[in-house]
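Peer 1: protein.tsv is reproduced below (TSV, C-alpha atoms and all ligand atoms).
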chain	number	residue	atom	x	y	z
A	1	MET	CA	14.71	-14.40	-6.44
A	2	THR	CA	16.70	-14.74	-3.25
A	3	ILE	CA	14.92	-13.55	-0.14
A	4	ASP	CA	16.80	-12.01	2.76
A	5	ALA	CA	16.16	-13.73	6.06
A	6	GLU	CA	15.03	-10.57	7.86
A	7	PRO	CA	12.09	-8.51	6.63
A	8	LEU	CA	12.60	-4.83	5.97
A	9	LEU	CA	9.11	-4.15	7.28
A	10	ARG	CA	7.22	-6.40	9.64
A	11	VAL	CA	3.67	-5.42	10.55
A	12	ARG	CA	1.94	-7.40	13.30
A	13	ASP	CA	-1.66	-7.12	14.43
A	14	LEU	CA	-1.91	-3.47	13.41
A	15	ARG	CA	-5.11	-1.72	14.48
A	16	VAL	CA	-6.29	1.73	13.47
A	17	SER	CA	-9.64	3.24	14.51
A	18	PHE	CA	-11.50	6.42	13.67
A	19	GLN	CA	-13.56	7.70	16.56
A	20	LEU	CA	-16.53	9.51	15.02
A	21	ASP	CA	-19.73	10.88	16.58
A	22	GLU	CA	-21.68	8.10	14.90
A	23	GLY	CA	-19.43	5.38	16.24
A	24	THR	CA	-16.00	3.81	15.85
A	25	VAL	CA	-14.68	2.72	12.46
A	26	ARG	CA	-12.18	-0.09	12.88
A	27	ALA	CA	-10.47	0.68	9.59
A	28	VAL	CA	-7.54	-1.66	10.23
A	29	ASP	CA	-8.40	-4.53	12.53
A	30	GLY	CA	-5.39	-6.74	13.12
A	31	VAL	CA	-3.29	-6.62	9.94
A	32	SER	CA	-0.02	-8.55	9.69
A	33	PHE	CA	2.38	-8.84	6.77
A	34	ASP	CA	6.09	-8.68	5.91
A	35	VAL	CA	8.04	-6.93	3.20
A	36	PHE	CA	11.52	-8.24	2.41
A	37	PRO	CA	14.26	-6.16	0.80
A	38	ARG	CA	13.79	-5.73	-2.96
A	39	GLN	CA	10.41	-7.46	-2.89
A	40	VAL	CA	7.31	-6.08	-4.64
A	41	VAL	CA	4.28	-6.76	-2.46
A	42	GLY	CA	0.88	-6.19	-4.05
A	43	ILE	CA	-1.98	-5.26	-1.74
A	44	VAL	CA	-5.43	-5.90	-3.12
A	45	GLY	CA	-8.95	-5.54	-1.74
A	46	GLU	CA	-12.20	-3.69	-2.27
A	47	SER	CA	-12.58	0.01	-1.64
A	48	GLY	CA	-12.64	0.82	2.06
A	49	CYS	CA	-10.85	-2.35	3.21
A	50	GLY	CA	-8.09	-0.30	4.84
A	51	LYS	CA	-5.25	-0.36	2.31
A	52	SER	CA	-4.44	3.35	2.46
A	53	VAL	CA	-4.97	3.63	6.21
A	54	THR	CA	-2.56	0.71	6.79
A	55	MET	CA	0.14	2.40	4.73
A	56	ARG	CA	-0.42	5.82	6.26
A	57	ALA	CA	-0.09	4.17	9.67
A	58	VAL	CA	3.31	2.78	8.68
A	59	LEU	CA	4.46	6.36	8.09
A	60	GLN	CA	2.63	7.72	11.15
A	61	LEU	CA	0.43	9.87	8.93
A	62	ILE	CA	-2.92	9.09	10.59
A	63	ASP	CA	-4.68	12.29	11.57
A	64	PRO	CA	-7.29	12.60	14.34
A	65	PRO	CA	-9.95	11.31	14.79
A	66	GLY	CA	-7.87	8.37	13.58
A	67	ARG	CA	-5.49	6.60	15.94
A	68	ILE	CA	-3.21	3.57	15.94
A	69	THR	CA	-4.74	1.49	18.72
A	70	GLY	CA	-2.48	-1.53	18.65
A	71	GLY	CA	0.12	-3.65	16.99
A	72	GLU	CA	3.73	-3.40	15.91
A	73	ILE	CA	5.33	-1.86	12.85
A	74	THR	CA	8.94	-2.97	12.83
A	75	TYR	CA	11.19	-1.35	10.26
A	76	ARG	CA	14.83	-2.43	10.00
A	77	GLN	CA	17.04	0.57	9.47
A	78	ASN	CA	20.58	-0.63	8.68
A	79	GLY	CA	19.72	-3.92	10.33
A	80	ARG	CA	18.46	-2.28	13.52
A	81	PRO	CA	14.74	-2.81	14.27
A	82	ILE	CA	12.62	0.25	15.10
A	83	ASP	CA	8.95	0.00	16.14
A	84	LEU	CA	7.42	2.79	14.08
A	85	ALA	CA	4.09	2.42	15.92
A	86	ARG	CA	5.88	3.80	18.97
A	87	VAL	CA	7.79	6.61	17.30
A	88	SER	CA	6.08	9.97	17.71
A	89	PRO	CA	4.59	11.23	14.41
A	90	ARG	CA	6.23	14.63	14.69
A	91	SER	CA	9.59	13.44	16.02
A	92	ARG	CA	12.86	14.07	14.29
A	93	GLN	CA	13.33	10.31	13.90
A	94	MET	CA	10.05	9.93	12.02
A	95	ARG	CA	10.73	12.93	9.79
A	96	ASP	CA	14.15	11.52	8.97
A	97	LEU	CA	12.64	8.16	8.10
A	98	ARG	CA	9.92	9.52	5.84
A	99	GLY	CA	11.23	9.95	2.36
A	100	ALA	CA	14.74	8.76	3.09
A	101	GLU	CA	13.88	5.22	4.23
A	102	VAL	CA	10.20	4.82	3.42
A	103	ALA	CA	8.55	6.98	0.77
A	104	LEU	CA	4.89	7.18	-0.17
A	105	ILE	CA	3.30	7.96	-3.50
A	106	PRO	CA	-0.05	9.04	-2.08
A	107	GLN	CA	-3.40	8.08	-3.55
A	108	GLU	CA	-4.47	11.68	-4.21
A	109	PRO	CA	-2.01	13.13	-6.77
A	110	MET	CA	-2.76	16.73	-5.80
A	111	ALA	CA	-1.92	16.03	-2.16
A	112	ALA	CA	1.73	15.30	-2.92
A	113	PHE	CA	2.77	18.80	-3.90
A	114	SER	CA	2.09	22.23	-2.48
A	115	PRO	CA	0.58	24.52	-5.13
A	116	VAL	CA	2.63	27.53	-4.02
A	117	HIS	CA	6.11	26.15	-4.70
A	118	THR	CA	7.46	24.65	-7.89
A	119	VAL	CA	7.69	20.89	-8.05
A	120	GLY	CA	11.46	21.10	-8.34
A	121	ALA	CA	11.80	23.38	-5.31
A	122	GLN	CA	9.91	20.83	-3.19
A	123	ILE	CA	12.05	17.93	-4.33
A	124	ILE	CA	15.26	19.95	-3.87
A	125	GLU	CA	14.16	20.87	-0.31
A	126	ALA	CA	13.54	17.21	0.49
A	127	ILE	CA	16.95	16.19	-0.81
A	128	MET	CA	18.70	18.98	1.09
A	129	LEU	CA	16.81	18.09	4.27
A	130	HIS	CA	17.81	14.44	4.20
A	131	GLU	CA	21.26	14.54	2.67
A	132	ARG	CA	24.17	16.87	2.99
A	133	LEU	CA	23.92	18.19	-0.54
A	134	GLY	CA	24.13	21.79	-1.64
A	135	ARG	CA	21.30	23.36	-3.63
A	136	GLY	CA	23.15	22.99	-6.94
A	137	GLU	CA	23.79	19.30	-6.43
A	138	ALA	CA	20.23	18.73	-5.22
A	139	ARG	CA	18.92	20.47	-8.33
A	140	ALA	CA	21.16	18.38	-10.58
A	141	ARG	CA	19.86	15.22	-8.95
A	142	THR	CA	16.28	16.43	-9.42
A	143	VAL	CA	16.82	17.03	-13.12
A	144	GLU	CA	18.40	13.59	-13.43
A	145	LEU	CA	15.43	12.04	-11.59
A	146	PHE	CA	13.02	13.82	-13.93
A	147	ARG	CA	14.88	12.25	-16.85
A	148	ASP	CA	14.82	8.85	-15.09
A	149	VAL	CA	11.05	9.00	-14.74
A	150	GLY	CA	10.66	9.95	-18.38
A	151	ILE	CA	9.83	13.65	-18.10
A	152	SER	CA	11.05	15.38	-21.25
A	153	MET	CA	12.45	18.92	-21.08
A	154	ALA	CA	13.48	18.08	-17.52
A	155	GLU	CA	15.53	21.28	-17.03
A	156	GLN	CA	12.47	23.44	-17.67
A	157	ARG	CA	9.92	21.25	-15.99
A	158	VAL	CA	11.61	21.25	-12.59
A	159	ASP	CA	10.51	24.89	-12.41
A	160	ALA	CA	6.85	24.12	-13.11
A	161	TYR	CA	4.09	24.17	-10.51
A	162	SER	CA	2.22	20.90	-10.00
A	163	TRP	CA	-0.99	22.40	-11.40
A	164	GLN	CA	0.82	23.23	-14.65
A	165	LEU	CA	1.57	19.56	-15.29
A	166	SER	CA	-0.73	17.05	-16.99
A	167	GLY	CA	-1.95	14.11	-14.92
A	168	GLY	CA	0.66	11.77	-16.37
A	169	LEU	CA	3.52	14.21	-15.80
A	170	ARG	CA	2.35	14.94	-12.27
A	171	GLN	CA	2.32	11.22	-11.58
A	172	ARG	CA	5.86	10.94	-12.89
A	173	ALA	CA	6.94	13.93	-10.82
A	174	MET	CA	5.44	12.22	-7.76
A	175	ILE	CA	7.50	9.14	-8.47
A	176	ALA	CA	10.59	11.34	-8.85
A	177	MET	CA	9.78	12.99	-5.52
A	178	ALA	CA	9.26	9.61	-3.84
A	179	LEU	CA	12.58	8.31	-5.18
A	180	SER	CA	14.51	11.52	-4.57
A	181	CYS	CA	16.09	10.38	-1.30
A	182	ARG	CA	16.63	6.80	-2.50
A	183	PRO	CA	14.23	5.09	-0.08
A	184	ARG	CA	14.63	1.41	0.65
A	185	LEU	CA	10.85	0.98	0.70
A	186	LEU	CA	8.48	2.71	-1.71
A	187	ILE	CA	4.76	2.60	-1.01
A	188	ALA	CA	2.78	3.26	-4.18
A	189	ASP	CA	-0.91	3.80	-3.38
A	190	GLU	CA	-2.80	3.28	-6.64
A	191	PRO	CA	-0.21	5.25	-8.60
A	192	THR	CA	-1.91	4.76	-11.94
A	193	THR	CA	-5.65	5.09	-11.32
A	194	ALA	CA	-6.04	8.66	-12.53
A	195	ILE	CA	-4.25	8.20	-15.84
A	196	ASP	CA	-4.93	6.74	-19.26
A	197	VAL	CA	-4.04	3.15	-20.14
A	198	THR	CA	-0.96	3.95	-22.24
A	199	THR	CA	0.58	6.22	-19.63
A	200	GLN	CA	-0.34	3.65	-16.99
A	201	ALA	CA	1.63	0.95	-18.82
A	202	GLN	CA	4.61	3.30	-19.14
A	203	ILE	CA	4.52	4.17	-15.46
A	204	LEU	CA	4.37	0.51	-14.43
A	205	ALA	CA	7.32	-0.29	-16.68
A	206	LEU	CA	9.14	2.67	-15.19
A	207	LEU	CA	8.50	1.54	-11.61
A	208	ARG	CA	9.81	-1.92	-12.43
A	209	GLU	CA	12.91	-0.47	-14.02
A	210	LEU	CA	13.57	1.89	-11.11
A	211	GLN	CA	12.98	-0.92	-8.64
A	212	GLN	CA	15.77	-2.88	-10.34
A	213	LYS	CA	18.05	0.12	-10.66
A	214	TYR	CA	17.78	1.25	-7.03
A	215	ASP	CA	17.02	-2.14	-5.39
A	216	THR	CA	13.97	-0.67	-3.73
A	217	ALA	CA	11.28	-2.77	-2.08
A	218	ILE	CA	7.80	-1.72	-3.18
A	219	ILE	CA	4.36	-2.04	-1.65
A	220	PHE	CA	2.01	-1.69	-4.55
A	221	ILE	CA	-1.64	-0.97	-3.83
A	222	THR	CA	-4.12	-1.45	-6.62
A	223	HIS	CA	-7.66	-2.55	-7.43
A	224	ASP	CA	-6.39	-4.12	-10.60
A	225	LEU	CA	-5.49	-7.81	-10.37
A	226	GLY	CA	-3.91	-7.58	-13.82
A	227	VAL	CA	-1.47	-5.00	-12.47
A	228	ILE	CA	-0.77	-7.23	-9.46
A	229	ALA	CA	0.04	-10.14	-11.78
A	230	GLN	CA	2.38	-7.91	-13.75
A	231	MET	CA	4.13	-6.14	-10.87
A	232	ALA	CA	4.15	-8.16	-7.67
A	233	ASN	CA	6.17	-11.13	-6.40
A	234	TYR	CA	3.95	-11.46	-3.37
A	235	VAL	CA	0.28	-10.65	-2.70
A	236	VAL	CA	-1.67	-9.64	0.39
A	237	VAL	CA	-5.46	-9.85	0.05
A	238	MET	CA	-7.37	-7.58	2.43
A	239	TYR	CA	-11.04	-7.44	3.39
A	240	LEU	CA	-12.65	-5.11	5.95
A	241	GLY	CA	-9.45	-4.21	7.70
A	242	ARG	CA	-8.03	-7.72	7.84
A	243	VAL	CA	-5.69	-9.92	5.82
A	244	MET	CA	-7.62	-12.80	4.28
A	245	GLU	CA	-4.76	-14.49	2.51
A	246	GLU	CA	-1.18	-13.92	1.47
A	247	GLY	CA	1.37	-15.70	-0.61
A	248	PRO	CA	3.62	-15.65	-3.69
A	249	VAL	CA	1.83	-14.20	-6.69
A	250	ASP	CA	1.55	-17.44	-8.68
A	251	GLU	CA	0.16	-19.35	-5.69
A	252	ILE	CA	-2.47	-16.68	-5.09
A	253	PHE	CA	-3.50	-16.77	-8.74
A	254	HIS	CA	-3.26	-20.53	-9.31
A	255	ALA	CA	-4.04	-22.00	-5.91
A	256	PRO	CA	-6.10	-19.43	-3.96
A	257	LYS	CA	-7.27	-20.76	-0.59
A	258	HIS	CA	-9.63	-18.13	0.77
A	259	PRO	CA	-13.19	-18.02	-0.61
A	260	TYR	CA	-12.82	-14.24	-0.92
A	261	THR	CA	-9.68	-14.54	-3.06
A	262	ARG	CA	-11.41	-17.19	-5.16
A	263	ALA	CA	-14.43	-14.95	-5.65
A	264	LEU	CA	-12.18	-12.09	-6.70
A	265	LEU	CA	-10.34	-14.23	-9.21
A	266	ARG	CA	-13.49	-15.86	-10.58
A	267	SER	CA	-15.03	-12.51	-11.30
A	268	ILE	CA	-11.92	-11.06	-12.92
A	269	PRO	CA	-12.81	-9.97	-16.43
A	270	SER	CA	-10.54	-11.06	-19.22
A	271	LEU	CA	-7.26	-9.21	-18.88
A	272	GLN	CA	-7.71	-7.96	-22.43
A	273	THR	CA	-10.97	-6.11	-21.82
A	274	GLU	CA	-11.18	-2.38	-21.30
A	275	THR	CA	-13.06	-2.55	-18.03
A	276	ARG	CA	-10.42	-4.08	-15.82
A	277	ALA	CA	-9.57	-0.88	-13.93
A	278	ALA	CA	-12.09	-1.53	-11.17
A	279	LEU	CA	-11.92	-4.51	-8.89
A	280	PRO	CA	-14.42	-7.08	-10.18
A	281	VAL	CA	-17.78	-7.15	-8.48
A	282	ILE	CA	-18.52	-10.11	-6.25
A	283	ALA	CA	-21.86	-11.17	-4.81
A	284	GLY	CA	-23.28	-9.47	-1.74
A	285	THR	CA	-22.58	-6.02	-0.41
A	286	LEU	CA	-19.74	-4.71	1.68
A	287	PRO	CA	-21.01	-4.16	5.25
A	288	HIS	CA	-21.16	-0.61	6.55
A	289	PRO	CA	-17.95	0.31	8.42
A	290	PHE	CA	-19.89	0.94	11.67
A	291	ASN	CA	-21.55	-2.39	11.36
A	292	ARG	CA	-18.89	-5.07	11.20
A	293	PRO	CA	-20.34	-8.55	11.26
A	294	PRO	CA	-19.29	-10.82	14.14
A	295	GLY	CA	-16.93	-13.66	13.25
A	296	CYS	CA	-15.12	-13.67	9.93
A	297	PRO	CA	-15.78	-10.31	8.23
A	298	PHE	CA	-16.43	-12.09	4.93
A	299	HIS	CA	-18.93	-14.69	6.23
A	300	PRO	CA	-22.14	-12.86	5.12
A	301	ARG	CA	-20.93	-13.07	1.50
A	302	CYS	CA	-19.13	-16.40	1.68
A	303	GLU	CA	-20.30	-19.37	-0.36
A	304	ASP	CA	-18.43	-21.87	1.81
A	305	ILE	CA	-19.58	-20.64	5.21
A	306	ARG	CA	-19.33	-23.12	8.09
A	307	ARG	CA	-22.14	-22.08	10.42
A	308	GLY	CA	-21.23	-22.09	14.08
A	309	TYR	CA	-17.64	-21.18	13.21
A	310	CYS	CA	-17.46	-18.42	10.65
A	311	ASP	CA	-20.37	-16.39	12.01
A	312	VAL	CA	-19.15	-16.70	15.61
A	313	ALA	CA	-15.36	-16.46	15.86
A	314	VAL	CA	-12.71	-14.53	13.93
A	315	PRO	CA	-10.33	-16.91	12.18
A	316	ALA	CA	-6.66	-16.22	12.92
A	317	LEU	CA	-4.18	-15.72	10.09
A	318	HIS	CA	-2.82	-19.24	9.92
A	319	ALA	CA	0.54	-20.08	8.33
A	320	LEU	CA	0.38	-22.71	5.60
A	321	GLY	CA	4.07	-22.49	4.84
A	322	PRO	CA	6.98	-20.12	5.36
A	323	ARG	CA	5.44	-17.32	3.26
A	324	ARG	CA	1.88	-18.49	2.82
A	325	ALA	CA	-1.02	-17.77	5.16
A	326	VAL	CA	-4.80	-17.74	5.18
A	327	SER	CA	-7.41	-16.69	7.72
A	328	CYS	CA	-10.28	-19.07	7.12
A	329	PHE	CA	-11.90	-21.90	9.10
A	330	LEU	CA	-11.85	-24.09	5.99
A	331	HIS	CA	-8.10	-24.28	6.39
A	332	SER	CA	-7.66	-24.18	10.15
A	333	ASP	CA	-9.77	-24.34	13.29
A	334	ALA	CA	-7.79	-21.59	14.96
A	335	ALA	CA	-9.79	-18.62	16.13
A	336	GLU	CA	-8.30	-15.33	17.16
A	337	PRO	CA	-8.31	-14.79	20.91
A	338	ALA	CA	-11.14	-12.39	21.81
B	401	LIG	N1	-10.31	10.38	7.94
B	401	LIG	C1	-11.18	9.37	8.10
B	401	LIG	N2	-12.24	9.49	8.92
B	401	LIG	C2	-13.10	8.46	9.11
B	401	LIG	N3	-13.00	7.27	8.51
B	401	LIG	C3	-11.98	7.10	7.67
B	401	LIG	C4	-11.00	8.12	7.43
B	401	LIG	N4	-10.08	7.64	6.55
B	401	LIG	C5	-10.47	6.38	6.27
B	401	LIG	N5	-11.59	6.05	6.96
B	401	LIG	C6	-12.29	4.75	6.90
B	401	LIG	O1	-11.36	3.73	7.04
B	401	LIG	C7	-11.71	2.63	6.21
B	401	LIG	C8	-10.52	2.26	5.34
B	401	LIG	O2	-10.24	3.32	4.44
B	401	LIG	P1	-9.06	3.27	3.38
B	401	LIG	O3	-8.95	4.61	2.80
B	401	LIG	O4	-7.84	2.71	4.01
B	401	LIG	O5	-9.59	2.23	2.31
B	401	LIG	P2	-8.87	1.74	0.98
B	401	LIG	O6	-8.76	0.27	1.07
B	401	LIG	O7	-7.64	2.53	0.75
B	401	LIG	O8	-9.98	2.11	-0.12
B	401	LIG	P3	-9.79	2.64	-1.64
B	401	LIG	O9	-9.52	1.42	-2.44
B	401	LIG	O10	-11.11	3.24	-1.94
B	401	LIG	O11	-8.68	3.63	-1.65
B	401	LIG	C9	-12.94	3.04	5.43
B	401	LIG	O12	-14.07	2.49	6.06
B	401	LIG	C10	-12.94	4.54	5.55
B	401	LIG	O13	-14.25	5.01	5.53
B	402	MG	MG	-7.01	3.85	-0.64
Could you take the file, read its structure, and then write that structure out as structure tokens?

Peer 2:
Amino acid sequence: MTIDAEPLLRVRDLRVSFQLDEGTVRAVDGVSFDVFPRQVVGIVGESGCGKSVTMRAVLQLIDPPGRITGGEITYRQNGRPIDLARVSPRSRQMRDLRGAEVALIPQEPMAAFSPVHTVGAQIIEAIMLHERLGRGEARARTVELFRDVGISMAEQRVDAYSWQLSGGLRQRAMIAMALSCRPRLLIADEPTTAIDVTTQAQILALLRELQQKYDTAIIFITHDLGVIAQMANYVVVMYLGRVMEEGPVDEIFHAPKHPYTRALLRSIPSLQTETRAALPVIAGTLPHPFNRPPGCPFHPRCEDIRRGYCDVAVPALHALGPRRAVSCFLHSDAAEPA
């Protein structure tokens, strides 16, 4: 695959905190990654590591008590860089970007649609808002999208309410909604967790097909390393709000550098077994969000810990090559400035 020189999305040192009565949760604590046009980037990491919060931050969808506290989110719109971290969440510019440039398939399927309007009406509204299309044309495109995503009886089903659709159909309708304004970047946050294995396979095939058809870049969030292997060209491994390692999918699977990535891969059950939906269990427990360990967030569970380094300083994300990086003192002595 040819890679464009300039990333479509460039996230640098992103930080998002939730200020609660009990303390501050540093949900995203210095995340950096790139997404190039037409690339499929898989994001993997245990529950609570900040995958959804990172993606919601990209779209300025963090609600109080959450706040972006630092970093840059550079999106290139027609070649022109915009720092989304500095665009006001309710501004016209942000509303225009959402859906038309960057679209999200949210993790909670029910959250995507309002229960009081039909699914079709909501998609038609979105198309009319972003593009100068009349209602008839917008409806025709919606029906075509429903067909594209494999919804049978598309003409009738555009007039259904989301709660009238089965889980699989709702998921497909969400994909149709996300693609309705032909975004250049689609963020799919665990789009197949709530559905059965057969439908899941169909939806993954569908996303791949649509990605080719519309040349969309995709950020694909999942717990399932099998899905990553199947879908992604590039992988970002997250742990406790930080990037542990990133690289092309075959390098992550065949030559993982970070002890966390290695632990994940070692504990992966056979890809044929039924139980591969959840991320495999690795030794030790995830620290409480209020109680981040000092140093490398993974050091309390790490088999290769270097005492005096890993428990003291935070390793910086260190480039190993043009599109390969790891944050681990086994591979670099660089610590992040305090
Ligand atoms: N509204 C909120 N208020 C307080 N803390 C929150 C809120 N939303 C997320 N967090 C915290 O931010 C951290 C990251 O959450 P996030 O939802 O991004 O995790 P995730 O990686 O998407 O997990 P999962 O795989 O379970 O979806 C967690 O510690 C979570 O408790
Ligand atoms: Mg999530």

Peer 1: Just want the residues within 9 Å of ligand LIG 401 (chain B), written as a PyMOL selection string, counting all atoms listed in the file.

Peer 2: chain A and resi 16-20+24-28+44-56+62-66+107+189-190+221-223+238-241+288-290

Peer 1: For Leu104 (chain A), which residue among A:Gln60, A:Thr118, A:Thr261, A:Thr199 is the nearest when counting only C-alpha atoms?

Peer 2: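 Nearest candidate to Leu104 (chain A) out of A:Gln60, A:Thr118, A:Thr261, A:Thr199: A:Gln60.
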
Peer 1: Looking at A:Glu144, A:Pro191, A:Ala319, A:Arg307, which one is nearest to ligand MG 402 (chain B), with distances taken over all atoms listed in the file?

Peer 2: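 Among A:Glu144, A:Pro191, A:Ala319, A:Arg307, it is A:Pro191 that comes nearest to ligand MG 402 (chain B).
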
Peer 1: From the list A:Glu108, A:Glu137, A:Glu336, A:Asp304, which residue is nearest ligand MG 402 (chain B) when using only C-alpha atoms and all ligand atoms?

Peer 2: A:Glu108

Peer 1: Rounded to one decimal, what separation in Å do you get between CA of Ala217 (chain A) and CA of Ala255 (chain A)?

Peer 2: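 CA of Ala217 (chain A) sits 24.9 Å away from CA of Ala255 (chain A).
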
Peer 1: Could you check the closest approach to ligand MG 402 (chain B) for each of A:Leu225, A:Ile105, A:Leu317, A:Ala283 and tell me which residue wins, using all atoms listed in the file?

Peer 2: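 Residue with the minimum atom-to-atom distance to ligand MG 402 (chain B): A:Ile105.
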
Peer 1: Within 10 Å of Ile123 (chain A), counting all atoms listed in the file, which residues qualify if same-chain residues fewer than 4 places away don't, as a compact mmCIF listing (two decimals) with C-alpha atoms, in the frame of the given file?

Peer 2:
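Dumped everything to out_7.txt:
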# COMPACT_ATOMS: atom_id res chain seq x y z
CA PHE A 113 2.77 18.80 -3.90
CA THR A 118 7.46 24.65 -7.89
CA VAL A 119 7.69 20.89 -8.05
CA ILE A 127 16.95 16.19 -0.81
CA MET A 128 18.70 18.98 1.09
CA LEU A 129 16.81 18.09 4.27
CA ALA A 138 20.23 18.73 -5.22
CA ARG A 139 18.92 20.47 -8.33
CA ARG A 141 19.86 15.22 -8.95
CA THR A 142 16.28 16.43 -9.42
CA LEU A 145 15.43 12.04 -11.59
CA VAL A 158 11.61 21.25 -12.59
CA ALA A 173 6.94 13.93 -10.82
CA MET A 174 5.44 12.22 -7.76
CA ALA A 176 10.59 11.34 -8.85
CA MET A 177 9.78 12.99 -5.52
CA ALA A 178 9.26 9.61 -3.84
CA LEU A 179 12.58 8.31 -5.18
CA SER A 180 14.51 11.52 -4.57
CA CYS A 181 16.09 10.38 -1.30

Peer 1: What's the separation between CA of Arg95 (chain A) and CA of Ile203 (chain A), in Å to one decimal place?

Peer 2: 27.4 Å

Peer 1: Which residues come within 10 Å of region 76-80 of chain A, counting all atoms listed in the file, excluding same-chain residues fewer than 4 positions away, as a VMD selection string?

Peer 2: chain A and resid 6 to 10 37 84 97 101 184

Peer 1: Name the closest residue to ligand MG 402 (chain B) among the candidates A:Gly23, A:Gly136, A:Pro106, A:Pro294; distances are taken between atoms, counting all atoms listed in the file.

Peer 2: A:Pro106

Peer 1: In Å, with one decimal, what is the gap from CA of Asp96 (chain A) to CA of Leu61 (chain A)?

Peer 2: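 Separation of CA of Asp96 (chain A) and CA of Leu61 (chain A): 13.8 Å.
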
Peer 1: Between A:Gln39, A:Thr74, A:Ser32, A:Thr198, single out the one closest to Thr216 (chain A), counting only C-alpha atoms.

Peer 2: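 Residue with the minimum atom-to-atom distance to Thr216 (chain A): A:Gln39.
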
Peer 1: Excluding Pro109 (chain A) and residues on its chain fewer than 6 positions from it, collect all residues at most 12 Å away from it, counting all atoms listed in the file, and give them as a VMD selection string.

Peer 2: chain A and resid 115 162 to 163 165 to 175 177 188 to 195

Peer 1: For the point (2.3, -7.8, -2.1) in file coordinates, what residues are within 6 Å, counting all atoms listed in the file? Give the answer as a ChimeraX atom specification?

Peer 2: /A:40-43,232,234-236

Peer 1: Might I get the box with edges along x, y and z of the file that holds all atoms of region 110-127 of chain A listed there, padded by 8 Å on every side, given as centre and edge lengths in Å to one decimal, as AutoDock Vina command-line options?

Peer 2:
--center_x 7.1 --center_y 21.4 --center_z -3.9 --size_x 35.7 --size_y 28.2 --size_z 24.8

Peer 1: Name all residues at most 7 Å from Ala335 (chain A) (count only C-alpha atoms; drop same-chain ones fewer than 6 positions away) and give them as a PyMOL selection string.

Peer 2: chain A and resi 313-316
